[in-house]
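J.: Quick one: structure below, then a few questions.
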Amino acid sequence: MEEMEEELKCPVCGSFYREPIILPCSHNICQACARNILVQTPESESPQSRRASGSGVSDYDYLDLDKMSLYSEADSGYGSYGGFASAPTTPCQKSPNGVRVFPPAMPPPATHLSPALAPVPRNSCITCPQCHRSLILDDRGLRGFPKNRVLEGVIDRYQQSKAAALKCQLCEKAPKEATVMCEQCDVFYCDPCRLRCHPPRGPLAKHRLVPPAQGRVSRRLSPRKVSTCTDHELENHSMYCVQCKMPVCYQCLEEGKHSSHEVKALGAMWKLHKNQLSQALNGLSDRAKEAKEFLVQLRNMVQQIQENSVEFEACLVAQCDALIDALNRRKAQLLARVNKEHEHKLKVVRDQISHCTVKLRQTTGLMEYCLEVIKENDPSGFLQISDALIRRVHLTEDQWGKGTLTPRMTTDFDLSLDNSPLLQSIHQLDFVQMKIPATPILQLEECCTHNNSATLSWKQPPLSTVPAEGYILELDDGNGGQFREVYVGKETMCTVDGLHFNSTYNARIKAFNKTGVSQYSKTLVLQTSEDTDSEEQTVPFPVPSERLPLRRMSPFSSTLNLQPSFPRRSYFDFRSSPHQLSLHSSLQSLNAPVAWFAFDPGSAHSDIIFSNDNLTVTCSSYDDRVVLGKTGFSKGVHYWELTVDRYDNHPDPAFGVARANVMKDVMLGKDDKAWAMYVDNNRSWFMHNNSHTNRTEGGITKGATIGVLLDLNRKNLTFFINDDQQGPIAFENVEGLFFPAVSLNRNVQVTLHTGLPVPDCYSSRASIA
């Protein structure tokens with residue numbers, strides 16, 4: 001709680017708040033300090049004179065103050081609320097907290113009254129020492145500001161938690177340890193002060209003296225004073241004005257300025273604002289946690305910079321010592337350059353650590369203060385400060401925005417000693433920027449295996465400044481043999497297919513440019529699926545339909561393990577990118593494997609709605625929208641079905657296959673990238689490139705099943721409705737890469753069923769042919 005102490009100190013006197021009052025700008029100040037910084041304004045600028053002159057400005061109230069604008073220079077120390085007279089141009093000075101305050105125009109008159117009861121000079125003006133907004137007081141003076149009892153309670157608890165032993169409250173110099181407490185006087189006494197100030201005779205003889213520890217407990221358990229209305233001092237707050245954002249009494253509602261405002265129960269608003277503050281603290285707590293982790297990262301960077309510096313210096317010394325004697329005259333200068341870079345990096349990181357530490361301490365202090373405020377049981381007092389605290393919490397959270405938790409310096413020394421020049425060029429020897437690209441980083445969340453294919457993704461380090469011209473992906477043979485290149489190019493993702501089923505492969509990547517080749521990345525361990533068919537499936541250009549995260553084998557291992565998506569499942573051939581290679585030079589025959597896939601949210605129109613693990617789709621629009629399957633087919637025989645879950649108002653959904661770049665905002669078959677059958681409740685048509693053919697009787701209803709048979713061996717496409725072939729073969733001479741496709745609107749919902757065998761009627765005809 002030590003970091004919260006700054007929240008509990010007055011910006012004027014620098015000490016803990018004493019009888020704090022809440023200014024209209026939501027900042028706090030001691031009541032005595034508020035009197036000390038009062039200044040007087042000319043008679044012509046007083047509220048009374050302005051009313052008399054017809055200016056229409058009333059005494060200040062919270063509603064008006066919430067709507068005021070601040071007109072002030074950016075850092076001038078002067079300010080005023082719009083609609084009120086400006087404060088006199090009195091030079092500001094620094095308080096013990098480093099906040100500008102405005103000194104009084106003249107010393108306050110001597111008085112024996114308390115600050116709350118002492119008269120306020122006529123036409124007084126007070127300026128907030130934190131935001132520098134100024135306000136002219138009305139006839140109530142400082143009594144017009146509400147007291148912050150919540151803050152008083154937090155300070156009491158904080159001081160009690162910090163005090164090891166209770167001290168006498170009447171010792172003038174060094175307070176002695178208290179021995180008793182008077183419950184009636186509510187004062188802690190040491191023995192000398194008790195005998196001098198609280199003799200056991202007269203009326204004081206009836207007072208009850210208890211040990212200090214017991215007195216502390218009784219203080220905590222004593223009921224806190226109830227906040228009273230600032231306009232009607234004899235009335236307690238009973239409601240909350242939503243428009244003015246302040247507690248009010250019943251007289252304010254009957255005869256005051258809040259009579260026409262919306263009001264709510266004080267207890268309900270208390271709970272609501274407590275909940276809002278708690279929710280705001282959750283977000284700020286996450287930011288504080290990130291900041292702590294970021295500080296750990298920065299401190300590790302300091303160590304890493306020091307280690308890299310030592311390593312770099314050793315390498316530099318070794319290179320210089322290997323040269324002729326002429327290099328020794330340059331060695332000291334080169335080392336100085338390295339040390340300078342070293343100090344520069346350390347300075348940048350340490351400055352960032354210092355800045356982040358200060359900001360984190362302030363954030364933690366605000367959090368602790370807010371948590372203590374939440375513990376308060378005074379609804380009125382809490383609601384007086386809750387809005388301001390919520391704003392401060394959101395503002396502090398926004399300050400931890402993007403870029404704040406990003407290192408400003410790298411740990412690497414991007415310098416390399418160029419020792420290739422001849423001896424006569426030794427005096428021109430200098431550092432050059434490191435030209436070899438950095439080691440690529442495998443993006444583990446993007447890497448996956450699927451059947452006998454593996455997809456790998458990588459990227460350059462975020463802080464790398466040396467560009468890479470290309471990448472080299474290497475894979476072993478699945479038996480722990482030598483690595484061999486399977487891809488060389490500029491792309492940062494590659495899918496390798498034709499691998500052995502149920503095998504373990506090791507993969508690594510490196511970058512290159514004209515200068516040289518980087519080091520290898522960490523080795524990635526890939527496990528392919530088990531094959532349930534008799535023959536291994538080796539086909540070109542696959543694309544993974546499922547992706548699962550990687551799991552590290554041990555906290556200290558440099559290799560990573562990747563598990564397959566669907567073990568014990570044999571798949572089909574498909575392709576997606578020209579950058580994907582096959583390890584095998586020839587294709588093997590296929591024994592009609594079945595295809596398992598789902599709809600692809602990534603390529604679908606934005607109006608498509610997915611459910612049931614992307615197996616069920618519908619649409620939010622009345623217009624037809626297209627959605628594709630995740631898997632593309634280029635060879636083999638493939639069959640899938642779609643059941644109609646909902647069919648209203650006789651729409652025309654379309655089913656079939658399409659290219660990856662098919663139009664997504666029109667009915668399937670409207671362009672030359674799709675081959676489809678669209679059907680209503682009575683009949684169907686085949687459509688390709690907006691050409692309608694082969695009208696066939698027989699439609700669909702709710703519960704109907706549409707089958708799509710893509711035979712790429714015979715290069716044709718056939719459709720079925722409720723297990724019966726719908727019309728003749730729909731399309732022939734279809735070649736290339738096709739994706740399952742559907743177009744529908746909001747009146748239709750369908751569910752996809754995959755992994756199905758070819759219908760018997762088609763198999764028998766194919767065997768006869």
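Ligands are numbered from 1 in the order shown, chains are lettered A, B, ... in the order of the structure tokens, and residues start at 1 in each chain.
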For A:Gly401, find every residue with an atom within 12 Å (counting only C-alpha atoms), except residues of its own chain fewer than 6 positions away, and show them as a PyMOL selection string.

T.: chain A and resi 283-284+287-288+290-291+394-395

J.: List as a CSV table (one decimal) with N, CA and C atoms, in the first residue's frame the protein and nucleic acid residues near A:Ser227, meaning an atom at most 7 Å away when only C-alpha atoms are counted, but skip any in the same chain fewer than 5 places from it.

T.:
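Result written to selection32.csv:
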```csv
chain,number,residue,atom,x,y,z
A,236,ASN,N,-29.9,14.6,5.6
A,236,ASN,CA,-29.0,13.5,5.1
A,236,ASN,C,-29.4,13.3,3.6
A,237,HIS,N,-28.3,12.8,2.9
A,237,HIS,CA,-28.6,12.4,1.5
A,237,HIS,C,-29.5,11.2,1.4
A,380,SER,N,-23.1,7.7,0.0
A,380,SER,CA,-23.0,9.1,-0.4
A,380,SER,C,-21.6,9.5,-0.7
A,381,GLY,N,-20.7,9.2,0.2
A,381,GLY,CA,-19.3,9.6,0.0
A,381,GLY,C,-18.7,8.9,-1.2
```

J.: Please provide as a PyMOL selection string all residues within 6 Å of stretch 449-463 of chain A, with the sequence filter that same-chain residues fewer than 2 positions apart are discarded (counting only C-alpha atoms).

T.: chain A and resi 440-443+446-447+492-497+499+501+528-529+544+564-565

J.: I need the residue nearest A:Glu5 from this list: A:Cys128, A:Leu151, A:Ile305, A:Ile136. Use only C-alpha atoms for the distance.

T.: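 Counting only C-alpha atoms, the residue closest to A:Glu5 is A:Leu151.
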
J.: Can you work out which one of A:Asp414, A:Gln399, A:Lys375, A:Gln279 has the shortest atom-to-atom distance to A:Phe312, counting only C-alpha atoms?

T.: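 Looking at the shortest contact to A:Phe312, the residue is A:Asp414.
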
J.: If you run DSSP on the backbone, which residues of stretch 319-506 of chain A are helix (DSSP H, G or I), as a ChimeraX atom specification?

T.: /A:319-322,325-375,379-399,423-428,444-446

J.: Find the residues around A:Ile609 up to 6 Å (only C-alpha atoms counted), leave out those fewer than 3 positions away in its own chain, and share them as a short mmCIF file (atom, residue, chain, number, x, y, z; two decimals) with C-alpha atoms, in the first residue's frame.

T.:
```cif
data_model
loop_
_atom_site.label_atom_id
_atom_site.label_comp_id
_atom_site.auth_asym_id
_atom_site.auth_seq_id
_atom_site.Cartn_x
_atom_site.Cartn_y
_atom_site.Cartn_z
CA VAL A 617 -24.67 -22.58 -42.61
CA THR A 618 -27.40 -20.03 -43.24
CA CYS A 619 -27.42 -16.37 -44.29
#
```

J.: Might you pull out every residue within 8 Å of stretch 260-262 of chain A, with only C-alpha atoms counted and same-chain residues fewer than 3 positions away left off, and present them as a list in words?

T.: Cys241, Val242, Gln243, Leu253 and Lys257 of chain A

J.: As a ChimeraX atom specification, please: the residues near A:Val348 (cut-off 12 Å, only C-alpha atoms, same-chain neighbours under 2 positions excluded).

T.: /A:298,301-302,305,341-346,350-355,407-411

J.: Take the residues just selected and output them with N, CA, C and O atoms as a PDB file, in the first residue's frame.

T.:
```pdb
ATOM      1  N   LEU A 298      12.455  -6.135 -19.938  1.00  0.00           N
ATOM      2  CA  LEU A 298      13.473  -5.093 -20.089  1.00  0.00           C
ATOM      3  C   LEU A 298      14.710  -5.407 -19.252  1.00  0.00           C
ATOM      4  O   LEU A 298      15.846  -5.197 -19.694  1.00  0.00           O
ATOM      5  N   MET A 301      16.629  -7.871 -20.962  1.00  0.00           N
ATOM      6  CA  MET A 301      17.329  -7.278 -22.089  1.00  0.00           C
ATOM      7  C   MET A 301      18.648  -6.650 -21.664  1.00  0.00           C
ATOM      8  O   MET A 301      19.633  -6.693 -22.403  1.00  0.00           O
ATOM      9  N   VAL A 302      18.663  -6.046 -20.464  1.00  0.00           N
ATOM     10  CA  VAL A 302      19.915  -5.474 -19.967  1.00  0.00           C
ATOM     11  C   VAL A 302      20.977  -6.552 -19.850  1.00  0.00           C
ATOM     12  O   VAL A 302      22.119  -6.385 -20.295  1.00  0.00           O
ATOM     13  N   ILE A 305      21.972  -7.692 -23.366  1.00  0.00           N
ATOM     14  CA  ILE A 305      22.852  -6.720 -24.020  1.00  0.00           C
ATOM     15  C   ILE A 305      24.269  -6.832 -23.479  1.00  0.00           C
ATOM     16  O   ILE A 305      25.250  -6.781 -24.226  1.00  0.00           O
ATOM     17  N   GLU A 341      28.181   1.916 -28.365  1.00  0.00           N
ATOM     18  CA  GLU A 341      26.906   1.302 -28.726  1.00  0.00           C
ATOM     19  C   GLU A 341      26.292   0.570 -27.545  1.00  0.00           C
ATOM     20  O   GLU A 341      25.084   0.615 -27.310  1.00  0.00           O
ATOM     21  N   HIS A 342      27.179  -0.088 -26.779  1.00  0.00           N
ATOM     22  CA  HIS A 342      26.741  -0.787 -25.575  1.00  0.00           C
ATOM     23  C   HIS A 342      26.079   0.175 -24.599  1.00  0.00           C
ATOM     24  O   HIS A 342      24.971  -0.065 -24.091  1.00  0.00           O
ATOM     25  N   GLU A 343      26.744   1.283 -24.310  1.00  0.00           N
ATOM     26  CA  GLU A 343      26.205   2.250 -23.361  1.00  0.00           C
ATOM     27  C   GLU A 343      24.925   2.896 -23.894  1.00  0.00           C
ATOM     28  O   GLU A 343      23.998   3.168 -23.131  1.00  0.00           O
ATOM     29  N   HIS A 344      24.901   3.124 -25.192  1.00  0.00           N
ATOM     30  CA  HIS A 344      23.694   3.710 -25.766  1.00  0.00           C
ATOM     31  C   HIS A 344      22.497   2.775 -25.601  1.00  0.00           C
ATOM     32  O   HIS A 344      21.400   3.206 -25.214  1.00  0.00           O
ATOM     33  N   LYS A 345      22.691   1.499 -25.885  1.00  0.00           N
ATOM     34  CA  LYS A 345      21.600   0.542 -25.724  1.00  0.00           C
ATOM     35  C   LYS A 345      21.163   0.461 -24.269  1.00  0.00           C
ATOM     36  O   LYS A 345      19.969   0.443 -23.957  1.00  0.00           O
ATOM     37  N   LEU A 346      22.163   0.390 -23.360  1.00  0.00           N
ATOM     38  CA  LEU A 346      21.811   0.307 -21.947  1.00  0.00           C
ATOM     39  C   LEU A 346      21.073   1.559 -21.493  1.00  0.00           C
ATOM     40  O   LEU A 346      20.116   1.488 -20.714  1.00  0.00           O
ATOM     41  N   ARG A 350      17.461   1.366 -19.933  1.00  0.00           N
ATOM     42  CA  ARG A 350      17.297   1.795 -18.538  1.00  0.00           C
ATOM     43  C   ARG A 350      16.363   2.989 -18.424  1.00  0.00           C
ATOM     44  O   ARG A 350      15.584   3.090 -17.475  1.00  0.00           O
ATOM     45  N   ASP A 351      16.454   3.904 -19.374  1.00  0.00           N
ATOM     46  CA  ASP A 351      15.513   5.019 -19.355  1.00  0.00           C
ATOM     47  C   ASP A 351      14.083   4.520 -19.494  1.00  0.00           C
ATOM     48  O   ASP A 351      13.165   5.022 -18.824  1.00  0.00           O
ATOM     49  N   GLN A 352      13.895   3.522 -20.364  1.00  0.00           N
ATOM     50  CA  GLN A 352      12.546   2.976 -20.527  1.00  0.00           C
ATOM     51  C   GLN A 352      12.098   2.239 -19.262  1.00  0.00           C
ATOM     52  O   GLN A 352      10.931   2.297 -18.881  1.00  0.00           O
ATOM     53  N   ILE A 353      13.043   1.553 -18.617  1.00  0.00           N
ATOM     54  CA  ILE A 353      12.705   0.879 -17.347  1.00  0.00           C
ATOM     55  C   ILE A 353      12.282   1.909 -16.304  1.00  0.00           C
ATOM     56  O   ILE A 353      11.289   1.732 -15.589  1.00  0.00           O
ATOM     57  N   SER A 354      13.037   2.996 -16.196  1.00  0.00           N
ATOM     58  CA  SER A 354      12.714   4.026 -15.219  1.00  0.00           C
ATOM     59  C   SER A 354      11.349   4.630 -15.499  1.00  0.00           C
ATOM     60  O   SER A 354      10.523   4.795 -14.594  1.00  0.00           O
ATOM     61  N   HIS A 355      11.104   4.955 -16.776  1.00  0.00           N
ATOM     62  CA  HIS A 355       9.818   5.552 -17.132  1.00  0.00           C
ATOM     63  C   HIS A 355       8.663   4.590 -16.849  1.00  0.00           C
ATOM     64  O   HIS A 355       7.631   4.984 -16.287  1.00  0.00           O
ATOM     65  N   PRO A 407       9.792  -2.686 -26.491  1.00  0.00           N
ATOM     66  CA  PRO A 407      11.172  -2.227 -26.274  1.00  0.00           C
ATOM     67  C   PRO A 407      11.585  -1.232 -27.348  1.00  0.00           C
ATOM     68  O   PRO A 407      11.255  -1.369 -28.522  1.00  0.00           O
ATOM     69  N   ARG A 408      12.314  -0.216 -26.926  1.00  0.00           N
ATOM     70  CA  ARG A 408      12.796   0.791 -27.858  1.00  0.00           C
ATOM     71  C   ARG A 408      14.158   0.424 -28.442  1.00  0.00           C
ATOM     72  O   ARG A 408      14.677   1.157 -29.282  1.00  0.00           O
ATOM     73  N   MET A 409      14.728  -0.657 -27.997  1.00  0.00           N
ATOM     74  CA  MET A 409      16.078  -1.017 -28.426  1.00  0.00           C
ATOM     75  C   MET A 409      16.178  -2.523 -28.530  1.00  0.00           C
ATOM     76  O   MET A 409      15.548  -3.254 -27.768  1.00  0.00           O
ATOM     77  N   THR A 410      16.943  -3.012 -29.468  1.00  0.00           N
ATOM     78  CA  THR A 410      17.184  -4.439 -29.603  1.00  0.00           C
ATOM     79  C   THR A 410      18.388  -4.837 -28.773  1.00  0.00           C
ATOM     80  O   THR A 410      19.217  -4.000 -28.396  1.00  0.00           O
ATOM     81  N   THR A 411      18.493  -6.129 -28.483  1.00  0.00           N
ATOM     82  CA  THR A 411      19.637  -6.620 -27.711  1.00  0.00           C
ATOM     83  C   THR A 411      20.818  -6.977 -28.604  1.00  0.00           C
ATOM     84  O   THR A 411      21.919  -7.196 -28.098  1.00  0.00           O
TER      85      THR A 411
END
```

J.: For the structure I just gave you, how does DSSP split stretch 651-741 of chain A - specifically, which residues are strand (DSSP E)? Reply as a PyMOL selection string.

T.: chain A and resi 654-658+674-679+683-688+691-697+705-711+716-721+724-725+731-732+739-741

J.: Determine, counting only C-alpha atoms, which protein, DNA and RNA residues have an atom within 6 Å of an atom of stretch 624-626 of chain A; residues of the same chain fewer than 3 positions away are not included. Present the result as a ChimeraX atom specification.

T.: /A:664-667,742-745

J.: Could those selected residues go to a file with C-alpha atoms, as a compact mmCIF listing (two decimals), in the first residue's frame?

T.:
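Output below, filename selection_34.txt:
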```txt
# COMPACT_ATOMS: atom_id res chain seq x y z
CA LYS A 664 -19.47 -14.63 -53.44
CA ASP A 665 -22.36 -12.15 -53.69
CA VAL A 666 -24.46 -13.76 -56.45
CA MET A 667 -26.14 -17.13 -56.96
CA VAL A 742 -23.34 -23.64 -51.80
CA SER A 743 -25.31 -20.41 -52.33
CA LEU A 744 -28.34 -19.58 -50.17
CA ASN A 745 -30.22 -16.74 -48.48
```

J.: Quick one, how far is atom CA of A:Leu366 from atom CA of A:Thr230?

T.: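 Computing the Euclidean distance for atom CA of A:Leu366 and atom CA of A:Thr230 yields 27.8 Å.
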